[in-house]
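J.: The structure under discussion is supplied below as structure tokens; questions concerning it will follow.
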Amino acid sequence: MSHTSPSELRTLLAAVLEAIAIPYPATFGDSEVHDRILLDRVMDARIAIEGVLQRGDDPGWSADYLRGRLAAKPATGYRAVGDAR
């Protein structure tokens, strides 16, 4: 990671934020699905960060990989705050 540019790190940080900044659940009943989705996304983000920090993976590649994982598992299946009724 010695030649990592600030823009590559920003790209990875943006992907991590995308992973964890999902809408809050609208009701207590929606919390279970929301929490499961969020936990899964946090795990994917952790793996991406660990790859960069521990294995020296390229941050740009890690961001792309993380975004691919997020696309395969969208944050859907629960009502979020602000959703139309």
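By order of appearance in the structure tokens: chains A, B, ..., then residues from 1 within every chain, and ligands from 1 in the order shown.
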Select from chain A everything DSSP, run on the backbone, classes as alpha helix (DSSP H), then give the selection as a PyMOL selection string.

T.: chain A and resi 6-20+31-55+59-72

J.: Could you list, as a PyMOL selection string, every residue within 10 Å of segment 55-58 of chain A, counting only C-alpha atoms and ignoring same-chain residues fewer than 3 positions away?

T.: chain A and resi 1-4+8-9+12+48-52+61-63

J.: Take atom CA of Glu32 of chain A and atom CA of Asp64 of chain A and report the distance between them in Å, one decimal.

T.: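 Result for atom CA of Glu32 of chain A versus atom CA of Asp64 of chain A: 27.9 Å, one decimal.
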
J.: Excluding Pro74 of chain A and its own-chain neighbours fewer than 5 positions away, which residues fall within 12 Å of it when counting only C-alpha atoms? Please give them as a list of chain:residue names.

T.: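 The residues satisfying every condition are A:Glu18, A:Ala19, A:Ile20, A:Ile22, A:Pro23, A:Val33, A:His34, A:Arg36, A:Ile37, A:Leu38, A:Asp40, A:Arg41, A:Arg67, A:Gly68, A:Arg69.
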
J.: Would you compute the distance between atom CA of Arg79 of chain A and atom CA of Ala21 of chain A? Give it in Å to one decimal.

T.: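 Distance reported for this atom pair: 15.1 Å.
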